[in-house]
Amino acid sequence: MTSSEMWGRDAAERYDAEETEMTSASVLEATVGFLAELAGDGRALEFAIGTGRVGVPLRERGVPVTGIELSEHMAAVLRRKVDEDTLPVVIGDMATTVVPGEFSLVYLVYNTVSNLLTQDEQVECFRNAARHLRPGGRFVVELGVPPLRFLPPGQVAVPFDVSERHLGFDTIDPVEQMLVSHHFTRDGEDGRYRRGASRHRYAWPAELDLMARIAGLERERRVADWDGAPFTQDSPKHISVWRKSA
């Protein structure tokens with residue numbers, strides 16, 4: 001059983017409407033283009049496929065996609081967009097669930113690897129990706145860089161969004177490598193805010209490279225975004241690609 005927190009029905013129903021930036025045409029075009037190029041003429045497997053934000057347009061691009069998803073509620077939202085024959089989804093966790101066949105691409109986007117709250121589970125996630133990849137296949141992870149540079153001595157919180165309808169900040173425990181994202185979202189026009197929080201285990205890029213080596217994967221590329229901008233010390237996130245030996 002995974003340590004990931006389960007997405008419930010209400011959260012699944014709100015997900016697409018609240019993630020307007022990540023569901024925008026500009027973000028998805030770059031994301032899908034990047035992944036489709038790596039998939040080539042092979043199959044793709046998305047860990048934690050969720051509501052199909054990326055998997056559905058990637059399938060529409062012509063790449064055969066299969067998904068693994070822990071939350072039945074998230075998968076139910078995806079199923080309204082596309083049928084099982086077009087985009088199969090297996091209910092299970094991304095660290096241990098196995099689906100039939102080999103894939104040229106396994107991918108995990110939007111910080112989701114951090115939903116696994118222990119290092120052991122994150123290592124198993126990399127091993128599970130390698131298990132599904134054909135020789136020469138790639139594993140892709142999109143993950144934020146831990147924002148510790150923004151923490152002066154004595155401070156434990158870092159804001160990441162201050163907008164009209166949403167206030168968001170992270171609280172960080174550097175000893176346990178745990179980060180809690182706090183959200184205050186305004187519902188309706190009555191001025192009331194709905195509070196939510198989610199736990200994450202953050203990992204540095206170098207730690208992910210070691211996890212990949214443990215799984216028999218070699219880093220091929222690391223960039224700052226889906227458009228391929230160079231990854232620098234100021235990049236807030238990275239897109240990393242590891243390759244399975246031929």
# chains A, B, ... in the order shown; residues from 1 in each chain; ligands from 1
call {"tool": "residues_around", "arguments": {"residues": "Arg53 (chain A)", "least_positions_apart": "2", "cutoff": "9 Å", "atoms": "only C-alpha atoms", "output": "number ranges by chain"}}
result
A: 16, 22-23, 28, 49-51, 55-57, 78
call {"tool": "residues_around", "arguments": {"residues": "Glu207 (chain A)", "least_positions_apart": "6", "cutoff": "10 Å", "atoms": "only C-alpha atoms", "output": "mmCIF file with C-alpha atoms, in the first residue's frame"}}
result
data_model
loop_
_atom_site.group_PDB
_atom_site.id
_atom_site.type_symbol
_atom_site.label_atom_id
_atom_site.label_comp_id
_atom_site.auth_asym_id
_atom_site.auth_seq_id
_atom_site.Cartn_x
_atom_site.Cartn_y
_atom_site.Cartn_z
ATOM 1 C CA GLN A 119 12.575 7.437 -0.277
ATOM 2 C CA VAL A 123 13.173 4.260 -5.548
ATOM 3 C CA ARG A 213 21.092 4.431 -11.370
#
call {"tool": "residues_around", "arguments": {"residues": "region 102-105 of chain A", "least_positions_apart": "5", "cutoff": "7 Å", "atoms": "only C-alpha atoms", "output": "mmCIF file with N, CA and C atoms, in the first residue's frame"}}
result
data_model
loop_
_atom_site.group_PDB
_atom_site.id
_atom_site.type_symbol
_atom_site.label_atom_id
_atom_site.label_comp_id
_atom_site.auth_asym_id
_atom_site.auth_seq_id
_atom_site.Cartn_x
_atom_site.Cartn_y
_atom_site.Cartn_z
ATOM 1 N N LEU A 38 9.698 11.658 -27.708
ATOM 2 C CA LEU A 38 10.399 10.573 -27.024
ATOM 3 C C LEU A 38 9.713 9.224 -27.241
ATOM 4 N N ALA A 39 8.400 9.231 -27.307
ATOM 5 C CA ALA A 39 7.672 7.972 -27.505
ATOM 6 C C ALA A 39 7.925 7.396 -28.891
ATOM 7 N N GLY A 42 6.407 4.053 -30.437
ATOM 8 C CA GLY A 42 6.114 3.085 -29.381
ATOM 9 C C GLY A 42 4.946 3.500 -28.509
ATOM 10 N N ARG A 43 4.741 2.732 -27.449
ATOM 11 C CA ARG A 43 3.660 2.965 -26.495
ATOM 12 C C ARG A 43 4.167 3.791 -25.317
ATOM 13 N N ALA A 44 3.249 4.525 -24.682
ATOM 14 C CA ALA A 44 3.586 5.335 -23.510
ATOM 15 C C ALA A 44 2.762 4.891 -22.316
ATOM 16 N N LEU A 45 3.390 4.923 -21.154
ATOM 17 C CA LEU A 45 2.723 4.598 -19.895
ATOM 18 C C LEU A 45 2.830 5.798 -18.977
ATOM 19 N N HIS A 132 8.971 -1.546 -16.916
ATOM 20 C CA HIS A 132 8.044 -1.428 -18.038
ATOM 21 C C HIS A 132 8.717 -0.996 -19.343
ATOM 22 N N LEU A 133 9.915 -0.472 -19.265
ATOM 23 C CA LEU A 133 10.559 0.087 -20.450
ATOM 24 C C LEU A 133 11.211 -0.994 -21.312
ATOM 25 N N ARG A 134 11.106 -0.835 -22.604
ATOM 26 C CA ARG A 134 11.865 -1.671 -23.517
ATOM 27 C C ARG A 134 13.293 -1.133 -23.564
ATOM 28 N N GLY A 137 14.311 2.604 -23.995
ATOM 29 C CA GLY A 137 13.178 3.440 -23.622
ATOM 30 C C GLY A 137 13.548 4.482 -22.588
ATOM 31 N N ARG A 138 12.679 5.483 -22.431
ATOM 32 C CA ARG A 138 12.960 6.608 -21.527
ATOM 33 C C ARG A 138 11.927 6.751 -20.431
ATOM 34 N N PHE A 139 12.420 7.216 -19.280
ATOM 35 C CA PHE A 139 11.584 7.599 -18.149
ATOM 36 C C PHE A 139 11.711 9.097 -17.962
#
call {"tool": "residues_around", "arguments": {"residues": "region 228-231 of chain A", "least_positions_apart": "4", "cutoff": "12 Å", "atoms": "only C-alpha atoms", "output": "list in words"}}
result
Ala30, Thr31, Gly33, Phe34, Leu35, Gly144, Val145, Pro205, Arg221, Arg222, Val223, Ala224, Ser235, Pro236, Lys237, His238, Ile239, Ser240 and Val241 of chain A
call {"tool": "write_last_selection", "arguments": {"atoms": "N, CA and C atoms", "output": "tab-separated table (two decimals), in the first residue's frame"}}
result
chain	number	residue	atom	x	y	z
A	30	ALA	N	3.33	22.12	-25.48
A	30	ALA	CA	4.76	21.88	-25.25
A	30	ALA	C	4.97	20.53	-24.58
A	31	THR	N	4.14	20.21	-23.59
A	31	THR	CA	4.28	18.94	-22.86
A	31	THR	C	4.08	17.76	-23.79
A	33	GLY	N	4.17	17.65	-27.06
A	33	GLY	CA	5.19	17.59	-28.11
A	33	GLY	C	6.48	16.94	-27.62
A	34	PHE	N	6.90	17.31	-26.43
A	34	PHE	CA	8.12	16.75	-25.82
A	34	PHE	C	7.98	15.24	-25.65
A	35	LEU	N	6.83	14.82	-25.09
A	35	LEU	CA	6.63	13.39	-24.80
A	35	LEU	C	6.43	12.58	-26.08
A	144	GLY	N	9.47	19.95	-9.24
A	144	GLY	CA	9.98	21.23	-8.76
A	144	GLY	C	11.27	21.06	-7.98
A	145	VAL	N	12.10	22.10	-8.03
A	145	VAL	CA	13.32	22.13	-7.22
A	145	VAL	C	12.94	22.60	-5.81
A	205	PRO	N	17.48	17.00	-7.67
A	205	PRO	CA	17.78	16.34	-8.94
A	205	PRO	C	18.86	15.27	-8.82
A	221	ARG	N	19.11	13.62	-20.25
A	221	ARG	CA	18.82	15.04	-20.49
A	221	ARG	C	18.15	15.63	-19.26
A	222	ARG	N	18.43	16.90	-18.97
A	222	ARG	CA	17.70	17.64	-17.94
A	222	ARG	C	17.53	19.07	-18.43
A	223	VAL	N	16.28	19.53	-18.47
A	223	VAL	CA	15.98	20.87	-18.94
A	223	VAL	C	15.06	21.55	-17.92
A	224	ALA	N	14.84	22.85	-18.11
A	224	ALA	CA	14.08	23.63	-17.13
A	224	ALA	C	12.58	23.60	-17.38
A	235	SER	N	16.47	27.74	-11.88
A	235	SER	CA	15.28	27.07	-12.40
A	235	SER	C	14.40	26.57	-11.25
A	236	PRO	N	13.10	26.88	-11.28
A	236	PRO	CA	12.21	26.42	-10.20
A	236	PRO	C	11.78	24.96	-10.34
A	237	LYS	N	12.01	24.37	-11.52
A	237	LYS	CA	11.66	22.96	-11.72
A	237	LYS	C	12.56	22.39	-12.80
A	238	HIS	N	12.45	21.09	-13.02
A	238	HIS	CA	13.22	20.45	-14.07
A	238	HIS	C	12.40	19.35	-14.73
A	239	ILE	N	12.70	19.10	-15.98
A	239	ILE	CA	12.20	17.94	-16.71
A	239	ILE	C	13.43	17.05	-16.94
A	240	SER	N	13.42	15.86	-16.37
A	240	SER	CA	14.59	14.96	-16.48
A	240	SER	C	14.21	13.72	-17.26
A	241	VAL	N	15.16	13.28	-18.09
A	241	VAL	CA	14.96	12.10	-18.94
A	241	VAL	C	16.07	11.10	-18.65
call {"tool": "atom_distance", "arguments": {"atom1": "CA of Glu176 (chain A)", "atom2": "CA of Trp7 (chain A)"}}
result
23.2 Å
call {"tool": "residues_around", "arguments": {"residues": "Val89 (chain A)", "least_positions_apart": "2", "cutoff": "6 Å", "atoms": "only C-alpha atoms", "output": "list in words"}}
result
Thr66, Gly67 and Ile68 of chain A
call {"tool": "select_by_dssp", "arguments": {"residues": "region 38-211 of chain A", "states": "strand (DSSP E)", "output": "number ranges by chain"}}
result
A: 44-47, 65-69, 89-91, 103-108, 133-144, 157-162, 166-173, 178-186, 193-201
call {"tool": "select_by_dssp", "arguments": {"residues": "region 31-178 of chain A", "states": "helix (DSSP H, G or I)", "output": "NGL selection string"}}
result
:A and (31-39 or 55-60 or 72-79 or 112-115 or 119-132 or 148-150)
call {"tool": "write_last_selection", "arguments": {"atoms": "C-alpha atoms", "output": "CSV table (one decimal), in the first residue's frame"}}
result
chain,number,residue,atom,x,y,z
A,31,THR,CA,4.3,18.9,-22.9
A,32,VAL,CA,2.7,16.7,-25.4
A,33,GLY,CA,5.2,17.6,-28.1
A,34,PHE,CA,8.1,16.8,-25.8
A,35,LEU,CA,6.6,13.4,-24.8
A,36,ALA,CA,5.5,12.4,-28.3
A,37,GLU,CA,9.0,12.9,-29.7
A,38,LEU,CA,10.4,10.6,-27.0
A,39,ALA,CA,7.7,8.0,-27.5
A,55,GLY,CA,-2.6,11.4,-21.4
A,56,VAL,CA,-5.7,12.2,-23.4
A,57,PRO,CA,-4.1,14.8,-25.7
A,58,LEU,CA,-1.0,12.6,-26.0
A,59,ARG,CA,-3.3,9.8,-27.2
A,60,GLU,CA,-5.0,12.2,-29.6
A,72,GLU,CA,-10.8,5.7,-8.7
A,73,HIS,CA,-12.4,9.1,-8.6
A,74,MET,CA,-9.7,10.7,-10.7
A,75,ALA,CA,-9.9,7.8,-13.2
A,76,ALA,CA,-13.7,8.3,-13.3
A,77,VAL,CA,-13.3,11.9,-14.5
A,78,LEU,CA,-10.8,10.7,-17.2
A,79,ARG,CA,-13.3,8.0,-18.3
A,112,THR,CA,3.6,13.6,-8.7
A,113,VAL,CA,6.6,11.6,-7.8
A,114,SER,CA,6.7,13.6,-4.6
A,115,ASN,CA,3.3,12.1,-3.6
A,119,GLN,CA,12.6,7.4,-0.3
A,120,ASP,CA,12.1,3.7,-0.6
A,121,GLU,CA,8.8,4.2,-2.4
A,122,GLN,CA,10.4,6.7,-4.8
A,123,VAL,CA,13.2,4.3,-5.5
A,124,GLU,CA,10.6,1.6,-6.3
A,125,CYS,CA,8.8,4.0,-8.6
A,126,PHE,CA,12.0,4.3,-10.7
A,127,ARG,CA,12.4,0.5,-10.6
A,128,ASN,CA,8.8,0.1,-11.8
A,129,ALA,CA,9.4,2.5,-14.6
A,130,ALA,CA,12.5,0.5,-15.7
A,131,ARG,CA,10.5,-2.7,-15.4
A,132,HIS,CA,8.0,-1.4,-18.0
A,148,LEU,CA,15.1,26.0,0.3
A,149,ARG,CA,17.0,29.0,-1.0
A,150,PHE,CA,13.9,31.1,-0.1
call {"tool": "atom_distance", "arguments": {"atom1": "CA of Ser163 (chain A)", "atom2": "CA of His183 (chain A)"}}
result
11.5 Å
